[in-house]
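So this block is target_25.cif, mmCIF, C-alpha atoms:
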```
data_entry
#
loop_
_atom_site.label_atom_id
_atom_site.label_comp_id
_atom_site.auth_asym_id
_atom_site.auth_seq_id
_atom_site.Cartn_x
_atom_site.Cartn_y
_atom_site.Cartn_z
CA MET A 1 6.06 -13.80 1.13
CA ALA A 2 3.92 -16.23 2.95
CA ILE A 3 2.01 -15.05 5.92
CA ILE A 4 1.66 -16.85 9.20
CA ARG A 5 -1.71 -18.59 9.54
CA VAL A 6 -3.47 -16.87 12.42
CA ASN A 7 -6.96 -15.82 13.39
CA PRO A 8 -7.47 -12.21 12.32
CA THR A 9 -8.38 -10.84 15.74
CA ARG A 10 -7.36 -7.77 17.60
CA MET A 11 -5.57 -9.82 20.23
CA GLU A 12 -3.52 -11.62 17.64
CA LEU A 13 -2.64 -8.27 16.12
CA THR A 14 -1.24 -6.94 19.39
CA ARG A 15 0.69 -10.13 19.91
CA LEU A 16 2.24 -9.97 16.46
CA LYS A 17 3.12 -6.32 16.83
CA LYS A 18 4.98 -7.15 20.00
CA ARG A 19 6.83 -9.94 18.23
CA LEU A 20 7.77 -7.64 15.40
CA ALA A 21 9.17 -5.10 17.84
CA VAL A 22 11.29 -7.80 19.50
CA ALA A 23 12.49 -9.12 16.15
CA THR A 24 13.48 -5.66 14.94
CA ARG A 25 15.36 -4.97 18.12
CA GLY A 26 17.11 -8.33 17.99
CA HIS A 27 18.01 -7.74 14.39
CA LYS A 28 19.62 -4.44 15.18
CA LEU A 29 21.58 -5.84 18.09
CA LEU A 30 22.81 -8.83 16.13
CA LYS A 31 23.81 -6.63 13.27
CA ASP A 32 25.87 -4.47 15.60
CA LYS A 33 27.45 -7.58 17.03
CA ARG A 34 28.30 -8.87 13.58
CA ASP A 35 29.86 -5.59 12.53
CA GLU A 36 31.96 -5.30 15.64
CA LEU A 37 33.08 -8.92 15.43
CA MET A 38 34.02 -8.37 11.83
CA LYS A 39 36.13 -5.36 12.76
CA ARG A 40 38.01 -7.25 15.46
CA PHE A 41 38.38 -10.24 13.19
CA ILE A 42 39.96 -8.24 10.41
CA ASP A 43 42.53 -6.74 12.78
CA LEU A 44 43.34 -10.14 14.20
CA VAL A 45 43.54 -11.95 10.92
CA LYS A 46 45.92 -9.36 9.52
CA LYS A 47 48.19 -10.05 12.44
CA ASN A 48 47.73 -13.74 11.86
CA LYS A 49 48.84 -13.48 8.26
CA GLU A 50 51.92 -11.43 9.05
CA LEU A 51 52.94 -13.68 11.89
CA ARG A 52 52.43 -16.83 9.86
CA GLU A 53 54.53 -15.54 7.02
CA ARG A 54 57.27 -14.61 9.42
CA VAL A 55 57.21 -17.89 11.33
CA GLU A 56 57.16 -19.93 8.14
CA GLY A 57 60.15 -18.08 6.80
CA GLU A 58 62.06 -18.53 10.01
CA LEU A 59 61.19 -22.19 10.30
CA VAL A 60 62.35 -22.93 6.78
CA GLU A 61 65.63 -21.30 7.65
CA ALA A 62 65.93 -23.26 10.89
CA PHE A 63 65.23 -26.50 9.08
CA GLY A 64 67.95 -25.57 6.65
CA ASN A 65 70.39 -25.32 9.53
CA PHE A 66 69.15 -28.63 10.76
CA MET A 67 69.77 -30.29 7.44
CA MET A 68 73.32 -29.05 7.58
CA ALA A 69 73.73 -30.56 11.01
CA ARG A 70 72.35 -33.84 9.79
CA ALA A 71 74.68 -33.83 6.87
CA VAL A 72 77.78 -33.68 9.03
CA MET A 73 76.59 -36.09 11.71
CA SER A 74 75.32 -39.63 11.51
CA SER A 75 71.68 -39.97 12.35
CA GLU A 76 72.37 -42.30 15.28
CA VAL A 77 74.61 -39.75 16.93
CA MET A 78 72.08 -37.05 16.31
CA GLU A 79 69.19 -39.01 17.76
CA GLU A 80 71.28 -39.92 20.74
CA ALA A 81 72.22 -36.30 21.25
CA LEU A 82 68.61 -35.20 21.30
CA MET A 83 67.21 -38.11 23.22
CA TYR A 84 67.03 -36.55 26.67
CA PRO A 85 66.09 -32.90 26.64
CA THR A 86 67.20 -30.78 29.56
CA GLN A 87 64.20 -28.54 29.47
CA ARG A 88 60.48 -28.90 29.27
CA THR A 89 58.14 -26.54 27.59
CA ASP A 90 54.64 -26.44 28.96
CA ILE A 91 51.83 -24.07 28.37
CA LYS A 92 49.20 -22.48 30.51
CA LEU A 93 45.84 -22.11 28.97
CA SER A 94 43.28 -19.51 29.93
CA LYS A 95 40.28 -18.02 28.24
CA ARG A 96 39.69 -14.56 26.93
CA ASN A 97 36.39 -13.21 25.76
CA ILE A 98 36.13 -11.18 22.57
CA MET A 99 32.54 -10.06 21.94
CA GLY A 100 31.11 -13.17 23.51
CA VAL A 101 33.51 -15.56 21.82
CA ASP A 102 35.80 -17.55 24.04
CA VAL A 103 39.29 -17.55 22.63
CA PRO A 104 42.33 -19.21 24.14
CA ARG A 105 45.13 -17.34 25.76
CA ILE A 106 48.31 -19.28 25.79
CA GLU A 107 51.33 -18.64 27.94
CA PHE A 108 54.28 -20.90 27.96
CA THR A 109 56.82 -21.75 30.57
CA GLN A 110 60.12 -23.43 30.15
CA ALA A 111 61.23 -25.57 33.01
CA LYS A 112 64.93 -26.18 33.03
CA GLU A 113 67.06 -28.33 35.18
CA GLU A 114 69.19 -26.27 37.48
CA GLY A 115 72.31 -25.03 35.74
CA ALA A 116 71.72 -27.12 32.66
CA SER A 117 72.69 -25.83 29.27
CA PRO A 118 69.95 -25.64 26.68
CA TYR A 119 71.84 -28.20 24.66
CA PRO A 120 71.07 -31.69 25.89
CA TYR A 121 74.31 -33.23 24.71
CA GLY A 122 78.06 -33.05 25.08
CA PHE A 123 79.98 -31.09 22.55
CA VAL A 124 82.42 -33.83 21.62
CA ASN A 125 80.38 -35.90 19.21
CA THR A 126 78.14 -33.23 17.85
CA SER A 127 78.78 -30.47 15.40
CA GLY A 128 78.43 -26.75 15.80
CA GLU A 129 75.67 -26.66 13.24
CA LEU A 130 73.35 -28.52 15.57
CA ASP A 131 73.88 -25.89 18.27
CA GLY A 132 72.96 -23.19 15.83
CA ALA A 133 69.88 -25.02 14.63
CA ILE A 134 68.59 -25.57 18.13
CA LYS A 135 69.29 -21.99 19.08
CA THR A 136 67.24 -20.70 16.15
CA LEU A 137 64.40 -23.11 16.87
CA SER A 138 64.18 -22.02 20.47
CA ASP A 139 64.16 -18.39 19.32
CA ILE A 140 61.21 -19.12 17.05
CA LEU A 141 59.19 -21.02 19.60
CA PRO A 142 57.60 -18.03 21.37
CA ARG A 143 56.37 -16.76 18.02
CA MET A 144 55.04 -20.18 17.10
CA ILE A 145 53.00 -20.24 20.28
CA GLU A 146 51.72 -16.75 19.62
CA LEU A 147 50.77 -17.87 16.13
CA ALA A 148 48.87 -20.81 17.58
CA GLU A 149 46.93 -18.48 19.88
CA ILE A 150 46.05 -15.99 17.17
CA GLU A 151 45.22 -18.52 14.50
CA LYS A 152 42.93 -20.46 16.82
CA SER A 153 41.22 -17.23 17.85
CA CYS A 154 40.66 -16.35 14.22
CA GLN A 155 39.11 -19.72 13.49
CA LEU A 156 36.76 -19.47 16.44
CA MET A 157 35.76 -15.93 15.57
CA ALA A 158 35.11 -16.87 11.95
CA GLU A 159 32.75 -19.56 13.21
CA GLU A 160 30.90 -17.07 15.40
CA ILE A 161 30.66 -14.47 12.64
CA GLU A 162 29.17 -17.01 10.30
CA LYS A 163 26.57 -17.99 12.89
CA THR A 164 25.68 -14.40 13.67
CA ARG A 165 25.42 -13.53 10.01
CA ARG A 166 23.04 -16.38 9.43
CA ARG A 167 20.83 -15.20 12.28
CA VAL A 168 20.84 -11.63 11.00
CA ASN A 169 19.85 -12.81 7.53
CA ALA A 170 17.09 -15.05 8.85
CA LEU A 171 15.61 -12.17 10.80
CA GLU A 172 16.03 -9.66 8.03
CA HIS A 173 14.76 -11.71 5.12
CA ILE A 174 12.28 -14.11 6.69
CA MET A 175 11.06 -13.26 10.17
CA ILE A 176 10.54 -9.53 9.81
CA PRO A 177 8.87 -9.55 6.35
CA GLN A 178 6.64 -12.41 7.46
CA LEU A 179 5.49 -10.57 10.55
CA THR A 180 4.93 -7.30 8.69
CA GLU A 181 2.92 -9.09 6.04
CA THR A 182 0.76 -10.88 8.60
CA ILE A 183 0.11 -7.68 10.52
CA ARG A 184 -1.03 -6.02 7.29
CA TYR A 185 -3.31 -8.96 6.54
CA ILE A 186 -4.96 -8.81 9.96
CA LYS A 187 -5.43 -5.06 9.75
CA MET A 188 -7.12 -5.37 6.37
CA LYS A 189 -9.33 -8.17 7.57
CA LEU A 190 -10.39 -6.16 10.62
CA ASP A 191 -11.13 -3.10 8.52
CA GLU A 192 -13.16 -5.23 6.17
CA ASN A 193 -15.23 -6.58 9.07
CA GLU A 194 -15.75 -3.05 10.28
CA ARG A 195 -17.06 -1.96 6.88
CA ALA A 196 -19.31 -5.00 6.60
CA ASN A 197 -20.75 -4.24 10.01
CA LEU A 198 -21.37 -0.62 9.08
CA THR A 199 -23.18 -1.46 5.86
CA ARG A 200 -25.31 -3.98 7.70
CA LEU A 201 -26.33 -1.43 10.29
CA MET A 202 -27.20 1.11 7.62
CA LYS A 203 -29.22 -1.46 5.76
CA VAL A 204 -31.10 -2.40 8.93
CA LYS A 205 -31.79 1.27 9.66
CA ASP A 206 -33.15 1.74 6.12
CA MET A 207 -35.41 -1.26 6.51
CA LEU A 208 -36.72 -0.01 9.87
CA GLU A 209 -37.46 3.43 8.45
CA GLU A 210 -39.28 1.87 5.49
CA ARG A 211 -41.55 -0.18 7.72
CA GLU A 212 -42.44 2.80 9.94
CA GLY A 213 -42.85 5.17 7.08
CA MET B 1 45.45 -23.59 36.30
CA SER B 2 46.63 -26.82 34.91
CA MET B 3 49.53 -27.22 32.56
CA TYR B 4 49.18 -28.32 29.01
CA ARG B 5 51.69 -29.75 26.60
CA ILE B 6 52.82 -28.89 23.12
CA GLY B 7 53.10 -31.62 20.53
CA VAL B 8 54.69 -31.76 17.12
CA ILE B 9 53.66 -34.30 14.50
CA GLY B 10 55.61 -34.71 11.29
CA ASP B 11 58.32 -36.54 9.48
CA LYS B 12 61.25 -37.33 11.70
CA ASP B 13 63.81 -35.29 9.86
CA SER B 14 61.83 -32.10 10.17
CA ILE B 15 60.75 -32.25 13.76
CA LEU B 16 63.56 -33.92 15.65
CA GLY B 17 65.03 -30.57 16.58
CA PHE B 18 61.99 -29.63 18.62
CA LYS B 19 62.80 -32.37 21.03
CA ALA B 20 65.69 -30.39 22.42
CA LEU B 21 63.26 -27.65 23.40
CA GLY B 22 61.26 -29.96 25.59
CA ILE B 23 58.34 -30.33 23.23
CA TRP B 24 56.74 -33.72 22.70
CA VAL B 25 57.72 -35.03 19.33
CA PHE B 26 55.77 -37.66 17.39
CA PRO B 27 57.52 -38.80 14.23
CA VAL B 28 55.14 -40.37 11.71
CA VAL B 29 55.46 -41.59 8.16
CA ASP B 30 51.97 -41.07 6.76
CA SER B 31 48.87 -39.04 7.49
CA GLU B 32 46.88 -42.03 8.69
CA GLU B 33 49.29 -42.55 11.53
CA ALA B 34 49.24 -38.83 12.16
CA SER B 35 45.43 -38.80 12.42
CA THR B 36 45.51 -41.54 15.04
CA ILE B 37 48.10 -39.66 17.05
CA LEU B 38 46.28 -36.35 16.74
CA LYS B 39 43.08 -37.91 18.06
CA LYS B 40 44.99 -39.40 20.93
CA LEU B 41 46.68 -36.10 21.75
CA ALA B 42 43.35 -34.29 21.69
CA ARG B 43 42.11 -36.54 24.47
CA GLU B 44 45.21 -35.92 26.51
CA LYS B 45 46.56 -32.63 27.73
CA TYR B 46 47.84 -31.17 24.53
CA ALA B 47 46.67 -27.63 23.87
CA VAL B 48 48.79 -26.90 20.83
CA VAL B 49 49.74 -29.41 18.15
CA PHE B 50 51.99 -28.43 15.28
CA ILE B 51 51.77 -30.58 12.17
CA THR B 52 54.03 -30.37 9.15
CA GLU B 53 52.27 -29.53 5.93
CA PRO B 54 53.10 -32.62 3.84
CA ILE B 55 51.61 -34.83 6.57
CA ALA B 56 48.61 -32.58 7.20
CA LYS B 57 47.80 -32.39 3.50
CA ASP B 58 45.80 -35.61 3.52
CA MET B 59 44.15 -35.45 6.90
CA GLY B 60 41.49 -32.90 6.09
CA GLU B 61 38.67 -34.48 8.06
CA THR B 62 40.62 -34.92 11.25
CA MET B 63 41.91 -31.36 11.03
CA GLU B 64 38.42 -30.02 10.43
CA ARG B 65 37.15 -31.70 13.54
CA PHE B 66 39.23 -29.57 15.90
CA LYS B 67 38.55 -26.27 14.20
CA ASP B 68 35.64 -25.17 16.35
CA SER B 69 36.74 -26.45 19.73
CA LEU B 70 38.78 -24.26 22.04
CA PHE B 71 41.70 -26.65 22.05
CA PRO B 72 43.80 -28.35 20.79
CA ALA B 73 44.86 -25.65 18.38
CA VAL B 74 46.14 -27.53 15.36
CA ILE B 75 48.67 -25.39 13.56
CA LEU B 76 50.41 -26.16 10.30
CA ILE B 77 54.12 -25.60 9.97
CA PRO B 78 56.37 -26.06 6.94
CA SER B 79 58.55 -29.14 6.77
CA ASN B 80 62.23 -29.23 5.92
CA GLN B 81 61.24 -29.42 2.26
CA GLY B 82 59.98 -25.84 2.48
CA THR B 83 56.45 -24.58 2.69
CA LEU B 84 53.56 -25.82 0.59
CA GLY B 85 51.47 -22.74 1.23
CA LEU B 86 48.83 -24.76 3.07
CA GLY B 87 49.14 -22.75 6.25
CA ILE B 88 48.52 -19.46 4.52
CA GLN B 89 45.71 -21.10 2.56
CA GLY B 90 44.14 -21.99 5.89
CA VAL B 91 44.20 -18.33 6.91
CA LYS B 92 42.58 -17.42 3.59
CA ASP B 93 39.85 -19.98 4.14
CA THR B 94 39.12 -18.53 7.55
CA VAL B 95 38.78 -15.06 6.07
CA GLU B 96 36.50 -16.29 3.34
CA LYS B 97 34.32 -18.09 5.82
CA ALA B 98 33.94 -15.05 8.04
CA ILE B 99 33.62 -12.30 5.52
CA GLY B 100 32.47 -14.10 2.41
CA ALA B 101 35.16 -12.60 0.26
CA ASP B 102 38.90 -12.64 0.29
CA ILE B 103 39.82 -9.16 1.37
CA LEU B 104 43.29 -9.71 2.76
CA PHE B 105 45.00 -11.24 -0.18
CA GLU B 106 43.31 -9.68 -3.15
CA LYS B 107 45.97 -7.04 -3.57
CA GLU B 108 48.51 -9.70 -4.36
CA GLY B 109 46.50 -10.70 -7.38
CA ARG B 110 45.54 -14.35 -7.42
#
```

Written form, structure tokens:
Amino acid sequence: MAIIRVNPTRMELTRLKKRLAVATRGHKLLKDKRDELMKRFIDLVKKNKELRERVEGELVEAFGNFMMARAVMSSEVMEEALMYPTQRTDIKLSKRNIMGVDVPRIEFTQAKEEGASPYPYGFVNTSGELDGAIKTLSDILPRMIELAEIEKSCQLMAEEIEKTRRRVNALEHIMIPQLTETIRYIKMKLDENERANLTRLMKVKDMLEEREG
Amino acid sequence: MSMYRIGVIGDKDSILGFKALGIWVFPVVDSEEASTILKKLAREKYAVVFITEPIAKDMGETMERFKDSLFPAVILIPSNQGTLGLGIQGVKDTVEKAIGADILFEKEGR
């Protein structure tokens, strides 16, 4: 592992020691963050999987109903029937914070015209199958929205986990070893200087004694 | 708190039914058209956009772009031809990205 190029002085040593302490602390904190995020993520993604499977199953069924409706009605009549919906579905978006990750929170509201039926058409030209298909779709909708919320949250959390993991690895495998190595190098260099100094002094003392003696 | 809309992009036969629920429906024929619409919706007030799998299959880059922003949430849904398994694949990819290994689905034996 390469060491950082620094002057081997006592001041530099103190500075590096401080940096090492900060890096170690940061590493520990980030690691905790990563582990906790991971835990939350796993819970959430399990829910995501279950919900998606359920919604997909239900949607396929609803589309099946729809196909039936299409089969018994001409497409013009069908389009006409669905042209002007009597209700509007809007959503309210707010933010929630999971371990420092902003995830969306989605609530939906359905605005209906007063006293209107959920079916935007008269019953004369349309078939009963269409009613059924629309009923099932509107039953699924809340779950679809929930799925959207959870799936988006999972994606955002995955992003954050990846980032955090990269930081943890950089600290663990590069920063901290590099600092430790450099600190060792400076310590050795300082000790070496110390020894050199000592020998020099002893030598000088010897020489002085020789001259006097 | 402002209101956002829900959009559905897909082939007409699959998504027409959503119109009755008061969702904004955008029938398209190919994924190029869908990409253009998705980009447009992202600039407007659409927080959730559902896209049918056959259409979404070929718009990888556009889909990728919205993955790390808070919204719109782009969510795959099956079409009336049944599911292609892309949606569940997306969930798998997310798991792999976060954890590095597929831990949720391994028991099913791939």

For the structure provided, state which residues fall under the PyMOL selection byres ((chain A) within 7 of (chain B)), and present them as a list in words. Lys49, Glu56, Val60, Phe63, Gly64, Leu82, Pro85, Gln87, Arg88, Thr89, Asp90, Ile91, Lys92, Val103, Pro104, Tyr119, Pro120, Ile134, Ser138, Ala148, Lys152, Gln155, Leu156, Ala158, Glu159, Ile161 and Glu162 of chain A

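Run against this file, the PyMOL selection byres ((chain A and resi 2) around 10) gives back A:Met1, A:Ile3, A:Ile4, A:Arg5, A:Ile174, A:Pro177, A:Gln178, A:Leu179, A:Glu181, A:Thr182.
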
Coordinates-based distance that separates CA of Phe66 (chain A) from CA of Ala133 (chain A) (Å, one decimal): 5.3 Å

Apply the PyMOL selection byres ((chain A and resi 7) around 12) to the displayed file and report the matching residues as a PyMOL selection string. chain A and resi 3-6+8-13+15-16+182-183+185-187+189-190

Straight-line distance linking CA of Ser94 (chain A) with CA of Gln110 (chain A), stated in Å to one decimal: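 Pair CA of Ser94 (chain A) / CA of Gln110 (chain A) returns 17.3 Å.
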
Local residues around (50.6, -41.3, 11.5), at most 9 Å away, using all atoms listed in the file, as a short mmCIF file (atom, residue, chain, number, x, y, z; two decimals) with C-alpha atoms, in the frame of the given file:
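New file point-v6.cif:
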```
data_model
loop_
_atom_site.label_atom_id
_atom_site.label_comp_id
_atom_site.auth_asym_id
_atom_site.auth_seq_id
_atom_site.Cartn_x
_atom_site.Cartn_y
_atom_site.Cartn_z
CA ILE B 9 53.66 -34.30 14.50
CA GLY B 10 55.61 -34.71 11.29
CA PHE B 26 55.77 -37.66 17.39
CA PRO B 27 57.52 -38.80 14.23
CA VAL B 28 55.14 -40.37 11.71
CA VAL B 29 55.46 -41.59 8.16
CA ASP B 30 51.97 -41.07 6.76
CA SER B 31 48.87 -39.04 7.49
CA GLU B 32 46.88 -42.03 8.69
CA GLU B 33 49.29 -42.55 11.53
CA ALA B 34 49.24 -38.83 12.16
CA SER B 35 45.43 -38.80 12.42
CA THR B 36 45.51 -41.54 15.04
CA ILE B 37 48.10 -39.66 17.05
CA LEU B 38 46.28 -36.35 16.74
CA ILE B 55 51.61 -34.83 6.57
#
```

Contact residues around region 69-76 of chain A with all atoms listed in the file at 7 Å, ignoring same-chain residues under 3 positions, as a list in words: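 The residues that qualify are Asn65, Phe66, Glu79, Glu80, Thr126, Ser127, Glu129 and Leu130 of chain A.
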
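Put simply, CA of Arg40 (chain A) is 16.1 Å away from CA of Arg105 (chain A).
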
Give me the residues near Arg54 (chain A) as JSON, numbers by chain, where near means some atom within 10 Å (using all atoms listed in the file) and where sequence neighbours in that chain fewer than 6 positions away do not count. {"A": [48, 140, 143, 144, 147]}

Tell me which of B:Val8, B:Lys39, B:Val25, B:Gln89 sits closest to Met59 (chain B), counting only C-alpha atoms. B:Lys39
